[in-house]
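One structure is given below, encoded as structure tokens.
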Amino acid sequence: MLDMHCHILPGVDDGARDLSESLAMLAAAKRAGVTEIVCTPHCREPYFDFDAMMDAYDLLVAHADGFPIRMGFEVAWRTLMSIGFDHWAPLLNLDAPSVSGTGKATFLLELSVGTPSSEYPLYYQTIFDLQGLGFDVVIAHPERYAAIQHDEDIARHLVEMGCKLQASADFVDGGRLGRELRPAKRMLRDGLYSFIASDAHRVEHYDALARAMAKYGHLLR
Ligand SMILES: [Fe+2]
């Protein structure tokens, strides 16, 4: 099982605090049935430090005993807008792995939780731009976004645009904000998700991944 979204790198965002926690998370991932990990530290204020993240990646790989670990990023839309495509795209072309089987590099895009549906066209434009650059766009945890909780057609539209949707496994326990179980279950049953990922920040999130995959994994596209 691939875990394509997690915060396992030591000391670079609000995930693993040090290498020992990273290694404990890696052990938990293996127990949960994960066979391959893509590290996706936050590219969002105040976390984004590219060099520190690549150093943390090298450190984890050096201690991972050959376990397959690749490097990616979870890019917040707002941060992408402030850095700009010209600087961002070459960076990600180097490192963003393909997780979709299409051979294209994957861009894991995080939207803002409270964005009203009236502003989603801004996101659609960005997604078109990313697709034009050759990326497969994966939308991180749509179940967390208020507009999608209220209107599943937005999620459907994202899928029709060619995006893949990724659920964060802690939805099985209600989710980060406590409102994610119902929308996630609905979108799973409607066949809108392509991935369930741990989005792990701590060891226990891998337990949620095992439970989420056991119960809902068969509903992925
Ligand atoms: Fe995340």
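Scheme for the structure tokens: letters A, B, ... for chains in order shown; per-chain residue numbers from 1; ligand numbers from 1 in order shown.
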
Check which residues of chain A sit at most 9 Å from ligand 1 using only C-alpha atoms and all ligand atoms, and return one row each with the closest pair of atoms and their distance in Å to one decimal, ordered by chain and rising number, as JSON lines.
{"residue": "A:His5", "atom": "CA", "partner": "ligand 1", "partner_atom_place_in_ligand_line": "1 (Fe)", "distance": 6.2}
{"residue": "A:Cys6", "atom": "CA", "partner": "ligand 1", "partner_atom_place_in_ligand_line": "1 (Fe)", "distance": 5.9}
{"residue": "A:His7", "atom": "CA", "partner": "ligand 1", "partner_atom_place_in_ligand_line": "1 (Fe)", "distance": 6.4}
{"residue": "A:Gly15", "atom": "CA", "partner": "ligand 1", "partner_atom_place_in_ligand_line": "1 (Fe)", "distance": 8.7}
{"residue": "A:Thr40", "atom": "CA", "partner": "ligand 1", "partner_atom_place_in_ligand_line": "1 (Fe)", "distance": 7.0}
{"residue": "A:Pro41", "atom": "CA", "partner": "ligand 1", "partner_atom_place_in_ligand_line": "1 (Fe)", "distance": 7.1}
{"residue": "A:His42", "atom": "CA", "partner": "ligand 1", "partner_atom_place_in_ligand_line": "1 (Fe)", "distance": 6.6}
{"residue": "A:Phe73", "atom": "CA", "partner": "ligand 1", "partner_atom_place_in_ligand_line": "1 (Fe)", "distance": 9.0}
{"residue": "A:Glu74", "atom": "CA", "partner": "ligand 1", "partner_atom_place_in_ligand_line": "1 (Fe)", "distance": 6.2}
{"residue": "A:Glu110", "atom": "CA", "partner": "ligand 1", "partner_atom_place_in_ligand_line": "1 (Fe)", "distance": 8.0}
{"residue": "A:Ala140", "atom": "CA", "partner": "ligand 1", "partner_atom_place_in_ligand_line": "1 (Fe)", "distance": 7.3}
{"residue": "A:His141", "atom": "CA", "partner": "ligand 1", "partner_atom_place_in_ligand_line": "1 (Fe)", "distance": 8.2}
{"residue": "A:Ser168", "atom": "CA", "partner": "ligand 1", "partner_atom_place_in_ligand_line": "1 (Fe)", "distance": 7.9}
{"residue": "A:Ser198", "atom": "CA", "partner": "ligand 1", "partner_atom_place_in_ligand_line": "1 (Fe)", "distance": 8.5}
{"residue": "A:Asp199", "atom": "CA", "partner": "ligand 1", "partner_atom_place_in_ligand_line": "1 (Fe)", "distance": 4.7}
{"residue": "A:Ala200", "atom": "CA", "partner": "ligand 1", "partner_atom_place_in_ligand_line": "1 (Fe)", "distance": 7.2}
{"residue": "A:His201", "atom": "CA", "partner": "ligand 1", "partner_atom_place_in_ligand_line": "1 (Fe)", "distance": 7.8}

- [ ] Taking the chain letters and numbering used in this document, name the residues of region 1-115 of chain A that DSSP puts in strand (DSSP E or B), as a PyMOL selection string.
- [x] chain A and resi 2-3+6+36-39+42-43+69-71+74-76+106-110

Task: Option closest in space to Leu9 (chain A), from A:His218, A:Lys30, A:Lys164, A:His63 [counting only C-alpha atoms] - done: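 Going through A:His218, A:Lys30, A:Lys164, A:His63 one by one, the smallest distance to Leu9 (chain A) is for A:His63.
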
Open item on the list: Give me the residues near Phe67 (chain A) as a PyMOL selection string, where near means some atom within 8 Å (using only C-alpha atoms) and where sequence neighbours in that chain fewer than 3 positions away do not count.
Closed with: chain A and resi 35-36+61+64

If you keep C-alpha atoms, can you produce a file of those selected residues as a PDB file, in the first residue's frame?
ATOM      1  CA  THR A  35       4.923  -0.617   1.542  1.00  0.00           C
ATOM      2  CA  GLU A  36       5.916   2.737   0.038  1.00  0.00           C
ATOM      3  CA  VAL A  61      16.293   7.637   3.838  1.00  0.00           C
ATOM      4  CA  ALA A  64      15.115   3.622   6.653  1.00  0.00           C
TER       5      ALA A  64
END

Task: Atom-to-atom span, CA of Gly11 (chain A) and CA of Phe135 (chain A), Å - done: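 Pair CA of Gly11 (chain A) / CA of Phe135 (chain A) returns 27.9 Å.
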
Open item on the list: List as a ChimeraX atom specification the protein and nucleic acid residues near Ile154 (chain A), meaning an atom at most 10 Å away when only C-alpha atoms are counted, but skip any in the same chain fewer than 5 places from it.
Closed with: /A:117,120,142,147-149,159-160

May I have the selected residues written with N, CA and C atoms, as a compact mmCIF listing (two decimals), in the first residue's frame?
# COMPACT_ATOMS: atom_id res chain seq x y z
N SER A 117 -17.54 28.78 -1.88
CA SER A 117 -17.64 28.17 -3.20
C SER A 117 -17.49 29.21 -4.31
N TYR A 120 -14.01 29.31 -5.66
CA TYR A 120 -13.37 28.11 -6.21
C TYR A 120 -12.89 28.27 -7.66
N PRO A 142 -10.30 16.82 0.52
CA PRO A 142 -11.46 17.67 0.20
C PRO A 142 -12.55 17.60 1.27
N ALA A 147 -16.78 24.36 1.75
CA ALA A 147 -17.62 24.47 0.54
C ALA A 147 -17.99 23.09 0.02
N ILE A 148 -17.05 22.15 0.08
CA ILE A 148 -17.31 20.80 -0.42
C ILE A 148 -18.19 20.03 0.56
N GLN A 149 -18.03 20.30 1.85
CA GLN A 149 -18.93 19.67 2.83
C GLN A 149 -20.38 20.05 2.55
N VAL A 159 -13.14 16.28 -9.96
CA VAL A 159 -12.84 14.99 -10.59
C VAL A 159 -13.03 15.08 -12.10
N GLU A 160 -14.10 15.75 -12.52
CA GLU A 160 -14.35 15.91 -13.96
C GLU A 160 -13.23 16.70 -14.65

Task: Residue among A:Phe50, A:Trp77, A:Phe171, A:Tyr123 lying closest to Lys185 (chain A), counting only C-alpha atoms - done: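 Among the listed residues, A:Phe171 lies closest to Lys185 (chain A).
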
- [ ] Mind giving me the straight-line distance from CA of Tyr193 (chain A) to CA of Ala212 (chain A) in Å, one decimal?
- [x]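 Distance between the two atoms: 12.8 Å.
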
Counting only C-alpha atoms, what is within 12 Å of Ala52 (chain A), bar same-chain residues fewer than 5 positions away, as a PDB file with C-alpha atoms, in the first residue's frame?
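Contents of part.pdb, as written:
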ATOM      1  CA  LEU A   9      10.163  14.046   7.809  1.00  0.00           C
ATOM      2  CA  PRO A  10      11.875  15.041  11.038  1.00  0.00           C
ATOM      3  CA  GLY A  11      11.703  18.625  12.262  1.00  0.00           C
ATOM      4  CA  VAL A  12      10.537  20.459   9.157  1.00  0.00           C
ATOM      5  CA  ASP A  13       6.833  21.094   9.773  1.00  0.00           C
ATOM      6  CA  PRO A  41       6.005  18.204   4.127  1.00  0.00           C
ATOM      7  CA  CYS A  43       4.737  24.076   1.731  1.00  0.00           C
ATOM      8  CA  TYR A  47       7.050  25.829   7.246  1.00  0.00           C
ATOM      9  CA  TYR A  57      14.557  13.530   3.518  1.00  0.00           C
ATOM     10  CA  ASP A  58      18.156  12.380   3.055  1.00  0.00           C
ATOM     11  CA  LEU A  59      18.433  11.765   6.803  1.00  0.00           C
TER      12      LEU A  59
END

TODO: Name the residues in contact with Arg202 (chain A) at a cut-off of 12 Å, using only C-alpha atoms, excluding same-chain residues fewer than 5 positions from it; report them as a VMD selection string.
DONE: chain A and resid 6 to 10 13 to 18 20 to 29 170 207 to 209

Would you write out those residues with C-alpha atoms, as a PDB file, in the first residue's frame?
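Ended up saving to selection05.pdb:
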ATOM      1  CA  CYS A   6       2.388  12.174   5.268  1.00  0.00           C
ATOM      2  CA  HIS A   7       4.434  14.440   7.487  1.00  0.00           C
ATOM      3  CA  ILE A   8       7.071  11.923   8.475  1.00  0.00           C
ATOM      4  CA  LEU A   9      10.163  14.046   7.809  1.00  0.00           C
ATOM      5  CA  PRO A  10      11.875  15.041  11.038  1.00  0.00           C
ATOM      6  CA  ASP A  13       6.833  21.094   9.773  1.00  0.00           C
ATOM      7  CA  ASP A  14       4.136  20.184  12.317  1.00  0.00           C
ATOM      8  CA  GLY A  15       4.715  16.458  11.732  1.00  0.00           C
ATOM      9  CA  ALA A  16       7.488  14.313  13.216  1.00  0.00           C
ATOM     10  CA  ARG A  17       9.490  16.377  15.679  1.00  0.00           C
ATOM     11  CA  ASP A  18      12.748  14.457  15.415  1.00  0.00           C
ATOM     12  CA  SER A  20      13.206   9.022  16.509  1.00  0.00           C
ATOM     13  CA  GLU A  21       9.580  10.044  15.988  1.00  0.00           C
ATOM     14  CA  SER A  22      10.029   9.664  12.222  1.00  0.00           C
ATOM     15  CA  LEU A  23      11.334   6.141  12.697  1.00  0.00           C
ATOM     16  CA  ALA A  24       8.500   5.274  15.088  1.00  0.00           C
ATOM     17  CA  MET A  25       6.067   6.510  12.431  1.00  0.00           C
ATOM     18  CA  LEU A  26       7.839   4.430   9.813  1.00  0.00           C
ATOM     19  CA  ALA A  27       7.484   1.325  11.994  1.00  0.00           C
ATOM     20  CA  ALA A  28       3.789   2.128  12.500  1.00  0.00           C
ATOM     21  CA  ALA A  29       3.372   2.586   8.756  1.00  0.00           C
ATOM     22  CA  ASP A 170      -8.289  10.406  10.289  1.00  0.00           C
ATOM     23  CA  ASP A 207      -3.688   3.199  13.030  1.00  0.00           C
ATOM     24  CA  ALA A 208      -6.400   5.367  11.460  1.00  0.00           C
ATOM     25  CA  LEU A 209      -4.981   4.560   8.011  1.00  0.00           C
TER      26      LEU A 209
END

- [ ] Can you list, as a PyMOL selection string, all residues belonging to region 118-158 of chain A that DSSP tags as alpha helix (DSSP H)?
- [x] chain A and resi 120-132+146-150+152-158

Restricting it to N, CA and C atoms, dump the selection as a tab-separated table (two decimals), in the first residue's frame.
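The resulting file, selection_20.tsv, is shown below:
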chain	number	residue	atom	x	y	z
A	120	TYR	N	-14.01	29.31	-5.66
A	120	TYR	CA	-13.37	28.11	-6.21
A	120	TYR	C	-12.89	28.27	-7.66
A	121	PRO	N	-13.53	29.13	-8.46
A	121	PRO	CA	-12.98	29.33	-9.82
A	121	PRO	C	-11.51	29.73	-9.82
A	122	LEU	N	-11.04	30.41	-8.76
A	122	LEU	CA	-9.61	30.71	-8.66
A	122	LEU	C	-8.80	29.41	-8.58
A	123	TYR	N	-9.31	28.48	-7.81
A	123	TYR	CA	-8.64	27.17	-7.71
A	123	TYR	C	-8.66	26.45	-9.06
A	124	TYR	N	-9.82	26.51	-9.73
A	124	TYR	CA	-9.93	25.81	-11.02
A	124	TYR	C	-8.88	26.35	-12.00
A	125	GLN	N	-8.69	27.67	-11.99
A	125	GLN	CA	-7.69	28.27	-12.88
A	125	GLN	C	-6.30	27.74	-12.57
A	126	THR	N	-5.97	27.68	-11.28
A	126	THR	CA	-4.66	27.17	-10.88
A	126	THR	C	-4.48	25.72	-11.30
A	127	ILE	N	-5.54	24.94	-11.13
A	127	ILE	CA	-5.48	23.52	-11.50
A	127	ILE	C	-5.25	23.38	-13.01
A	128	PHE	N	-5.96	24.17	-13.80
A	128	PHE	CA	-5.72	24.16	-15.26
A	128	PHE	C	-4.27	24.49	-15.57
A	129	ASP	N	-3.75	25.50	-14.88
A	129	ASP	CA	-2.36	25.91	-15.11
A	129	ASP	C	-1.40	24.77	-14.78
A	130	LEU	N	-1.63	24.11	-13.65
A	130	LEU	CA	-0.76	23.00	-13.24
A	130	LEU	C	-0.86	21.85	-14.24
A	131	GLN	N	-2.09	21.57	-14.67
A	131	GLN	CA	-2.26	20.50	-15.65
A	131	GLN	C	-1.56	20.86	-16.95
A	132	GLY	N	-1.61	22.15	-17.28
A	132	GLY	CA	-0.92	22.60	-18.49
A	132	GLY	C	0.58	22.43	-18.41
A	146	ALA	N	-14.99	23.45	3.77
A	146	ALA	CA	-16.38	23.78	4.08
A	146	ALA	C	-17.26	23.78	2.82
A	147	ALA	N	-16.78	24.36	1.75
A	147	ALA	CA	-17.62	24.47	0.54
A	147	ALA	C	-17.99	23.09	0.02
A	148	ILE	N	-17.05	22.15	0.08
A	148	ILE	CA	-17.31	20.80	-0.42
A	148	ILE	C	-18.19	20.03	0.56
A	149	GLN	N	-18.03	20.30	1.85
A	149	GLN	CA	-18.93	19.67	2.83
A	149	GLN	C	-20.38	20.05	2.55
A	150	HIS	N	-20.57	21.27	2.07
A	150	HIS	CA	-21.93	21.74	1.80
A	150	HIS	C	-22.41	21.38	0.40
A	152	GLU	N	-21.31	18.70	-2.59
A	152	GLU	CA	-20.44	17.67	-3.15
A	152	GLU	C	-20.20	17.86	-4.65
A	153	ASP	N	-21.06	18.63	-5.32
A	153	ASP	CA	-20.86	18.86	-6.75
A	153	ASP	C	-19.52	19.53	-7.03
A	154	ILE	N	-19.00	20.26	-6.06
A	154	ILE	CA	-17.68	20.88	-6.26
A	154	ILE	C	-16.62	19.79	-6.38
A	155	ALA	N	-16.72	18.78	-5.52
A	155	ALA	CA	-15.78	17.66	-5.59
A	155	ALA	C	-15.94	16.92	-6.92
A	156	ARG	N	-17.18	16.75	-7.32
A	156	ARG	CA	-17.45	16.07	-8.59
A	156	ARG	C	-16.83	16.85	-9.75
A	157	HIS	N	-16.96	18.17	-9.68
A	157	HIS	CA	-16.38	19.02	-10.72
A	157	HIS	C	-14.86	18.87	-10.76
A	158	LEU	N	-14.23	18.81	-9.60
A	158	LEU	CA	-12.77	18.64	-9.54
A	158	LEU	C	-12.36	17.33	-10.21

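For Ser194 (chain A), the list of residues within 12 Å, based on only C-alpha atoms and with local chain neighbours fewer than 5 positions off taken out, reads A:Leu2, A:Met4, A:Val99, A:Ser100, A:Gly101, A:Val137, A:Val138, A:Ile139, A:Ala140, A:His141, A:Pro142, A:Val159, A:Gly162, A:Cys163, A:Lys164, A:Leu165, A:Gln166, A:Ala167, A:Ser168, A:Met187, A:Leu188, A:Arg189, A:Tyr216, A:Gly217, A:His218, A:Leu219, A:Leu220, A:Arg221.
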
TODO: Grab the CA of Leu108 (chain A) to CA of Met54 (chain A) distance for me, in Å with one decimal place.
DONE: 17.0 Å
